[in-house]
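Asks: This is structure.cif, which holds mmCIF, C-alpha atoms:
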data_my_file
loop_
_atom_site.label_atom_id
_atom_site.label_comp_id
_atom_site.auth_asym_id
_atom_site.auth_seq_id
_atom_site.Cartn_x
_atom_site.Cartn_y
_atom_site.Cartn_z
CA MET A 1 1.76 27.59 -38.34
CA ASP A 2 0.77 24.36 -36.68
CA MET A 3 1.81 21.36 -38.75
CA ARG A 4 0.01 18.90 -36.49
CA SER A 5 -3.32 17.43 -37.45
CA PRO A 6 -6.39 18.11 -35.29
CA LEU A 7 -6.38 14.43 -34.28
CA SER A 8 -2.72 14.62 -33.22
CA ARG A 9 -3.44 17.75 -31.18
CA VAL A 10 -6.47 16.37 -29.40
CA ARG A 11 -4.56 13.18 -28.51
CA GLY A 12 -1.86 15.39 -26.97
CA LEU A 13 0.80 12.71 -27.26
CA GLY A 14 3.58 14.76 -28.92
CA SER A 15 6.80 13.32 -30.36
CA SER A 16 7.32 10.85 -27.52
CA ASN A 17 4.05 9.11 -28.48
CA ASP A 18 3.05 8.64 -24.87
CA GLY A 19 2.27 12.23 -23.91
CA ILE A 20 3.01 13.14 -20.29
CA HIS A 21 2.67 9.53 -19.08
CA HIS A 22 6.42 8.99 -18.47
CA TRP A 23 6.78 12.33 -16.71
CA TRP A 24 3.66 11.79 -14.59
CA VAL A 25 4.55 8.28 -13.43
CA GLN A 26 8.08 9.45 -12.60
CA ARG A 27 6.61 12.16 -10.31
CA LEU A 28 4.01 9.80 -8.82
CA THR A 29 6.58 7.11 -7.93
CA GLY A 30 8.99 9.84 -6.73
CA ILE A 31 6.40 11.28 -4.35
CA ALA A 32 5.52 7.80 -3.07
CA LEU A 33 9.21 7.03 -2.52
CA VAL A 34 9.74 10.00 -0.17
CA PRO A 35 7.91 8.49 2.84
CA LEU A 36 8.72 4.86 1.87
CA VAL A 37 12.46 5.49 1.64
CA LEU A 38 12.57 7.56 4.86
CA TRP A 39 10.70 4.76 6.62
CA PHE A 40 13.11 2.11 5.30
CA VAL A 41 16.27 4.10 6.13
CA PHE A 42 14.93 4.73 9.65
CA TYR A 43 14.68 0.97 10.32
CA GLY A 44 17.37 -0.11 7.85
CA VAL A 45 20.08 1.59 9.90
CA ALA A 46 19.54 -0.99 12.67
CA LEU A 47 19.01 -3.89 10.22
CA ALA A 48 22.39 -3.31 8.52
CA SER A 49 24.20 -5.09 11.38
CA ALA A 50 21.40 -7.49 12.39
CA ASP A 51 21.25 -11.29 12.09
CA LEU A 52 18.74 -13.18 9.95
CA ALA A 53 16.23 -13.83 12.73
CA THR A 54 16.00 -10.11 13.54
CA VAL A 55 15.63 -9.13 9.88
CA LYS A 56 12.99 -11.84 9.30
CA ALA A 57 11.02 -10.69 12.34
CA TRP A 58 11.10 -7.08 11.15
CA VAL A 59 10.19 -7.89 7.53
CA GLY A 60 7.19 -9.96 8.62
CA SER A 61 5.83 -7.73 11.37
CA HIS A 62 2.68 -5.59 11.11
CA TYR A 63 2.14 -4.21 7.59
CA ASN A 64 5.87 -4.12 6.80
CA PRO A 65 5.56 -6.70 3.96
CA ALA A 66 3.03 -4.47 2.15
CA LEU A 67 5.15 -1.35 2.62
CA LEU A 68 8.29 -3.21 1.51
CA ILE A 69 6.60 -4.46 -1.65
CA LEU A 70 5.31 -0.95 -2.41
CA LEU A 71 8.85 0.36 -1.84
CA ILE A 72 10.25 -2.27 -4.23
CA VAL A 73 7.65 -1.55 -6.95
CA CYS A 74 8.12 2.24 -6.76
CA LEU A 75 11.91 1.99 -6.48
CA PHE A 76 12.42 -0.22 -9.52
CA HIS A 77 9.77 1.57 -11.57
CA HIS A 78 11.22 5.01 -10.77
CA GLY A 79 14.76 3.73 -11.37
CA GLN A 80 14.08 2.27 -14.78
CA LEU A 81 12.18 5.43 -15.87
CA GLY A 82 15.25 7.47 -14.90
CA LEU A 83 17.73 5.14 -16.60
CA GLN A 84 15.55 5.25 -19.72
CA VAL A 85 15.97 9.04 -19.95
CA VAL A 86 19.73 8.80 -19.37
CA ILE A 87 20.07 6.17 -22.11
CA GLU A 88 17.90 8.18 -24.51
CA ASP A 89 20.02 11.28 -23.83
CA TYR A 90 23.46 9.77 -24.26
CA VAL A 91 23.16 6.71 -26.52
CA HIS A 92 22.55 7.76 -30.11
CA THR A 93 23.10 4.48 -31.95
CA GLU A 94 19.55 3.22 -32.41
CA SER A 95 20.33 -0.51 -32.05
CA THR A 96 22.47 -0.04 -28.91
CA LYS A 97 19.87 2.30 -27.43
CA VAL A 98 16.98 -0.13 -27.95
CA ALA A 99 19.07 -3.06 -26.66
CA LEU A 100 19.99 -1.11 -23.49
CA LEU A 101 16.38 -0.02 -22.94
CA ILE A 102 15.19 -3.64 -23.21
CA LEU A 103 17.96 -4.78 -20.84
CA VAL A 104 17.17 -2.09 -18.24
CA LYS A 105 13.40 -2.56 -18.34
CA LEU A 106 13.48 -6.36 -18.18
CA SER A 107 16.15 -6.33 -15.43
CA ALA A 108 14.02 -3.94 -13.36
CA VAL A 109 11.00 -6.25 -13.66
CA LEU A 110 13.12 -9.35 -12.86
CA LEU A 111 14.87 -7.86 -9.81
CA GLY A 112 11.68 -6.17 -8.61
CA ALA A 113 9.67 -9.41 -8.86
CA CYS A 114 12.39 -11.47 -7.14
CA SER A 115 12.77 -8.89 -4.34
CA ALA A 116 9.01 -8.75 -3.77
CA PHE A 117 8.89 -12.56 -3.73
CA ALA A 118 11.76 -12.56 -1.22
CA VAL A 119 9.66 -10.36 1.08
CA LEU A 120 6.78 -12.86 0.83
CA ARG A 121 9.10 -15.82 1.50
CA LEU A 122 10.64 -14.12 4.53
CA THR A 123 7.11 -13.39 5.79
CA PHE A 124 5.29 -16.68 5.12
CA GLY A 125 8.04 -19.19 4.28
CA GLY A 126 9.80 -21.49 6.71
CA MET B 127 21.85 15.26 -39.93
CA ALA B 128 24.86 14.74 -42.25
CA ASN B 129 27.42 16.63 -40.18
CA THR B 130 27.79 14.92 -36.81
CA ASN B 131 30.93 16.87 -35.83
CA ARG B 132 29.09 20.06 -34.96
CA PRO B 133 29.66 21.30 -31.41
CA LEU B 134 26.95 20.18 -29.03
CA SER B 135 25.30 22.31 -26.38
CA PRO B 136 25.71 22.99 -23.48
CA HIS B 137 29.39 23.70 -24.41
CA LEU B 138 30.76 22.43 -21.12
CA GLN B 139 34.29 23.63 -21.94
CA VAL B 140 33.31 27.33 -22.00
CA TYR B 141 30.76 27.46 -19.19
CA ARG B 142 31.78 28.25 -15.63
CA PRO B 143 30.41 25.57 -13.27
CA GLN B 144 27.47 26.93 -11.27
CA ILE B 145 25.38 25.60 -8.38
CA THR B 146 22.47 25.05 -10.79
CA SER B 147 24.39 23.01 -13.36
CA ILE B 148 26.44 21.09 -10.78
CA LEU B 149 23.31 20.04 -8.84
CA SER B 150 21.55 19.11 -12.08
CA ILE B 151 24.24 16.64 -13.13
CA THR B 152 24.64 15.44 -9.53
CA HIS B 153 20.91 14.62 -9.49
CA ARG B 154 21.43 12.43 -12.54
CA ILE B 155 24.63 10.80 -11.24
CA THR B 156 23.09 10.04 -7.82
CA GLY B 157 19.96 8.69 -9.57
CA VAL B 158 22.04 6.27 -11.64
CA ALA B 159 24.07 5.32 -8.54
CA LEU B 160 20.85 4.62 -6.62
CA THR B 161 19.71 2.12 -9.27
CA GLY B 162 22.93 0.29 -8.28
CA GLY B 163 21.70 0.62 -4.71
CA ALA B 164 18.40 -1.00 -5.76
CA VAL B 165 20.39 -3.95 -7.14
CA LEU B 166 22.30 -4.21 -3.82
CA PHE B 167 18.98 -4.13 -1.94
CA SER B 168 17.79 -7.03 -4.12
CA TYR B 169 20.92 -9.01 -3.31
CA TRP B 170 20.46 -8.31 0.41
CA ILE B 171 16.77 -9.29 0.66
CA MET B 172 17.21 -12.34 -1.61
CA ALA B 173 20.28 -13.50 0.37
CA ALA B 174 18.03 -13.55 3.44
CA THR B 175 15.82 -16.22 1.80
CA TYR B 176 18.85 -18.54 1.35
CA GLY B 177 19.35 -19.03 5.08
CA PRO B 178 21.63 -17.79 7.88
CA GLU B 179 24.98 -18.57 6.17
CA ALA B 180 24.11 -16.80 2.90
CA PHE B 181 22.71 -13.85 4.81
CA ALA B 182 25.76 -13.65 7.10
CA ARG B 183 27.92 -13.56 3.95
CA ALA B 184 25.84 -10.65 2.57
CA GLN B 185 26.07 -8.80 5.89
CA ALA B 186 29.85 -9.36 5.91
CA VAL B 187 30.10 -7.87 2.39
CA PHE B 188 28.15 -4.77 3.48
CA GLY B 189 30.07 -4.67 6.78
CA SER B 190 33.51 -4.59 5.12
CA TRP B 191 35.22 -1.21 4.73
CA PHE B 192 34.42 -1.16 1.02
CA GLY B 193 30.82 -2.21 1.66
CA GLN B 194 30.46 0.53 4.25
CA LEU B 195 31.95 3.08 1.83
CA VAL B 196 29.43 2.06 -0.86
CA LEU B 197 26.53 2.10 1.63
CA TRP B 198 27.41 5.58 2.88
CA GLY B 199 27.73 6.76 -0.71
CA MET B 200 24.22 5.36 -1.22
CA VAL B 201 22.88 7.15 1.87
CA PHE B 202 24.30 10.47 0.66
CA SER B 203 23.02 9.87 -2.89
CA LEU B 204 19.61 9.00 -1.49
CA PHE B 205 19.25 12.15 0.61
CA PHE B 206 20.63 14.34 -2.18
CA HIS B 207 18.30 12.83 -4.79
CA LEU B 208 15.36 13.06 -2.36
CA GLY B 209 16.06 16.71 -1.52
CA ASN B 210 16.69 17.72 -5.10
CA GLY B 211 13.68 15.66 -6.20
CA ILE B 212 11.48 17.79 -3.93
CA ARG B 213 13.15 20.85 -5.54
CA HIS B 214 12.08 19.44 -8.91
CA LEU B 215 8.50 19.00 -7.64
CA GLY B 216 8.56 22.68 -6.66
CA TRP B 217 9.53 23.62 -10.21
CA ASP B 218 6.76 21.36 -11.52
CA ILE B 219 4.19 23.53 -9.74
CA GLY B 220 5.95 26.65 -11.00
CA TRP B 221 7.78 27.57 -7.80
CA GLY B 222 11.35 28.83 -7.49
CA TYR B 223 12.60 29.65 -10.99
CA GLU B 224 14.09 33.03 -9.93
CA LEU B 225 17.90 32.93 -9.74
CA ASP B 226 18.07 33.82 -6.04
CA LYS B 227 15.51 31.14 -5.18
CA LEU B 228 17.34 28.61 -7.38
CA ARG B 229 20.58 29.27 -5.51
CA THR B 230 18.93 29.21 -2.07
CA SER B 231 17.03 25.98 -2.74
CA GLY B 232 20.19 24.51 -4.27
CA TRP B 233 22.37 25.20 -1.24
CA LEU B 234 19.54 24.05 1.05
CA THR B 235 19.55 20.73 -0.82
CA VAL B 236 23.31 20.37 -0.29
CA VAL B 237 23.00 21.20 3.42
CA PHE B 238 20.05 18.79 3.78
CA ALA B 239 21.93 15.94 2.07
CA VAL B 240 25.10 16.39 4.14
CA ALA B 241 23.22 16.90 7.43
CA MET B 242 20.96 13.85 6.92
CA THR B 243 23.94 11.69 5.94
CA VAL B 244 25.86 12.72 9.08
CA LEU B 245 22.74 12.21 11.23
CA THR B 246 22.22 8.73 9.76
CA LEU B 247 25.92 7.92 10.35
CA VAL B 248 25.69 8.97 14.01
CA VAL B 249 22.45 7.03 14.60
CA ALA B 250 23.81 3.94 12.78
CA TYR B 251 27.02 3.73 14.79
CA ALA B 252 25.19 4.53 18.03
CA ALA B 253 22.73 1.69 17.24
CA ALA B 254 25.53 -0.73 16.32
CA GLY B 255 27.62 0.15 19.37
CA GLY B 256 24.85 0.47 21.95
#
Once you've parsed the file, please lay out its structure as structure tokens.
Replies:
Amino acid sequence: MDMRSPLSRVRGLGSSNDGIHHWWVQRLTGIALVPLVLWFVFYGVALASADLATVKAWVGSHYNPALLILLIVCLFHHGQLGLQVVIEDYVHTESTKVALLILVKLSAVLLGACSAFAVLRLTFGG
Amino acid sequence: MANTNRPLSPHLQVYRPQITSILSITHRITGVALTGGAVLFSYWIMAATYGPEAFARAQAVFGSWFGQLVLWGMVFSLFFHLGNGIRHLGWDIGWGYELDKLRTSGWLTVVFAVAMTVLTLVVAYAAAGG
């Protein structure tokens, strides 16, 4: 017996109220991160012991700023989606859970925005 | 929901650890660790905007033995999470649920993560030394 209303079924949102959106965006950012992260590690290995001038030159060259910003967006988005699931799985006190979710999501936006802005400053700033 | 003392699955105390369950929890642990890596990346790229002294300080932190230990932990976590993430994508399209395939893909992920970490180590120290 299906207890769900026809409207609920056609919306296909289930008990999470956002359907497969979380799952789908997690896959999408995960797939995007595969080449982005390999690219960054490939160059990052040399940057780990470099001075500021070398790092600045690399960050600003070619389309690196765009790729770096895409990496930052996907990384922080994917990370906060993952932390959300971990929190939802292990934290069962509703108030603590909601507080942690707010903290994680806002921190991800803050650090992501600041990192992306840092890329722009290193590219265009003095 | 009155009785909260009921035993919870998956009854970790009676299950023998297996490649499937160990890799599953390792995927989660490395994922959480990598969000710490994202924070470190933020610190690194933002330090660069504060000038040569601030950036040299950041590089010194990452260059210390503890910094190196954390960074190499991050590199391993990254390659493990990447490899196992691709394994997850396989499952998403319905591939590899048979036990033998699960074990093979699991061990392949471990080999991939270790091999890529060692390769990165070799390249990094060759680049730093040469």
Asks: Taking (20.8, -20.0, 9.0) in the file's own coordinates, collect the residues within 12 Å, counting all atoms listed in the file, and hand them back as a list of chain:residue names.
Replies: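 Checking each residue against the 12 Å limit leaves A:Asp51, A:Leu52, A:Ala53, A:Thr54, A:Lys56, A:Gly126, B:Ala173, B:Ala174, B:Thr175, B:Tyr176, B:Gly177, B:Pro178, B:Glu179, B:Ala180, B:Phe181, B:Ala182, B:Arg183.
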Asks: Residues of chain B were defined as contacting chain A if any atom lay at most 8 Å from it, counting all atoms listed in the file; please report them as a PyMOL selection string.
Replies: chain B and resi 154+157-158+160-161+164-165+168+171-172+174-175+177-178+181-182+185+188-189+208+211+215+246+249-250+253-254
Asks: So which residues touch region 216-230 of chain B within 8 Å, counting all atoms listed in the file, skipping near sequence neighbours fewer than 3 positions away, as a list in words?
Replies: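 After dropping sequence-adjacent residues, the list is Ile145, Thr146, Ile212, Arg213, Trp233 and Leu234 of chain B.
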Asks: Okay, now the selection with C-alpha atoms, as a short mmCIF file (atom, residue, chain, number, x, y, z; two decimals), in the frame of the given file?
Replies:
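The resulting file, result-v4.cif, is shown below:
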data_model
loop_
_atom_site.label_atom_id
_atom_site.label_comp_id
_atom_site.auth_asym_id
_atom_site.auth_seq_id
_atom_site.Cartn_x
_atom_site.Cartn_y
_atom_site.Cartn_z
CA ILE B 145 25.38 25.60 -8.38
CA THR B 146 22.47 25.05 -10.79
CA ILE B 212 11.48 17.79 -3.93
CA ARG B 213 13.15 20.85 -5.54
CA TRP B 233 22.37 25.20 -1.24
CA LEU B 234 19.54 24.05 1.05
#
Asks: Leaving out Phe202 (chain B) and any residue of its chain fewer than 4 positions from it, which residues lie within 9 Å of it when counting all atoms listed in the file, given as a JSON list (two decimals) with C-alpha atoms, in the frame of the given file?
Replies:
[["chain", "number", "residue", "atom", "x", "y", "z"],
["B", 156, "THR", "CA", 23.09, 10.04, -7.82],
["B", 197, "LEU", "CA", 26.53, 2.10, 1.63],
["B", 198, "TRP", "CA", 27.41, 5.58, 2.88],
["B", 206, "PHE", "CA", 20.63, 14.34, -2.18],
["B", 207, "HIS", "CA", 18.30, 12.83, -4.79],
["B", 239, "ALA", "CA", 21.93, 15.94, 2.07],
["B", 240, "VAL", "CA", 25.10, 16.39, 4.14],
["B", 242, "MET", "CA", 20.96, 13.85, 6.92],
["B", 243, "THR", "CA", 23.94, 11.69, 5.94],
["B", 244, "VAL", "CA", 25.86, 12.72, 9.08]]
Asks: Quick one: everything within 8 Å of His22 (chain A), counting only C-alpha atoms, minus sequence neighbours fewer than 4 positions away in the same chain. Send it as an mmCIF file with C-alpha atoms, in the coordinates of the input.
Replies:
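The file below, selection-v8.cif, is the result:
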data_model
loop_
_atom_site.group_PDB
_atom_site.id
_atom_site.type_symbol
_atom_site.label_atom_id
_atom_site.label_comp_id
_atom_site.auth_asym_id
_atom_site.auth_seq_id
_atom_site.Cartn_x
_atom_site.Cartn_y
_atom_site.Cartn_z
ATOM 1 C CA ASP A 18 3.050 8.640 -24.870
ATOM 2 C CA GLN A 26 8.080 9.450 -12.600
ATOM 3 C CA LEU A 81 12.180 5.430 -15.870
#
Asks: What is the distance, in Å and to one decimal place, between CA of His77 (chain A) and CA of Trp23 (chain A)?
Replies: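 Atom-to-atom, CA of His77 (chain A) and CA of Trp23 (chain A) are spaced 12.3 Å apart.
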Asks: Name the closest residue to Val73 (chain A) among the candidates A:Phe124, A:Arg9, A:Thr29, A:Met3; distances are taken between atoms, counting all atoms listed in the file.
Replies: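 Comparing A:Phe124, A:Arg9, A:Thr29, A:Met3 against Val73 (chain A), the winner is A:Thr29.
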Asks: Could you tell me which of A:His92, A:Ile87, A:Ala32, A:Ala99 comes closest to Leu71 (chain A) if we count only C-alpha atoms?
Replies: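 With only C-alpha atoms as the atom set, the closest residue is A:Ala32.
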Asks: With only C-alpha atoms as the atoms that count, which of B:Leu245, B:Leu195, B:Ala184, B:Ile148 lies nearest to Tyr169 (chain B)?
Replies: B:Ala184
Asks: Do you have the CA of Val109 (chain A)-CA of Thr96 (chain A) distance handy?
Replies: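 Between CA of Val109 (chain A) and CA of Thr96 (chain A) the gap is 20.1 Å.
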Asks: Once you add 5 Å to each side, what are the centre and edge lengths of the axis-aligned box holding all listed atoms of region 2-9 of chain A? One decimal in Å, as lines of an AutoDock Vina configuration file, if you can.
Replies:
center_x = -2.3
center_y = 19.4
center_z = -35.0
size_x = 18.2
size_y = 19.9
size_z = 17.6
Asks: Just give me the gap between CA of Ser150 (chain B) and CA of Asn210 (chain B) in Å, one decimal is fine.
Replies: 8.6 Å
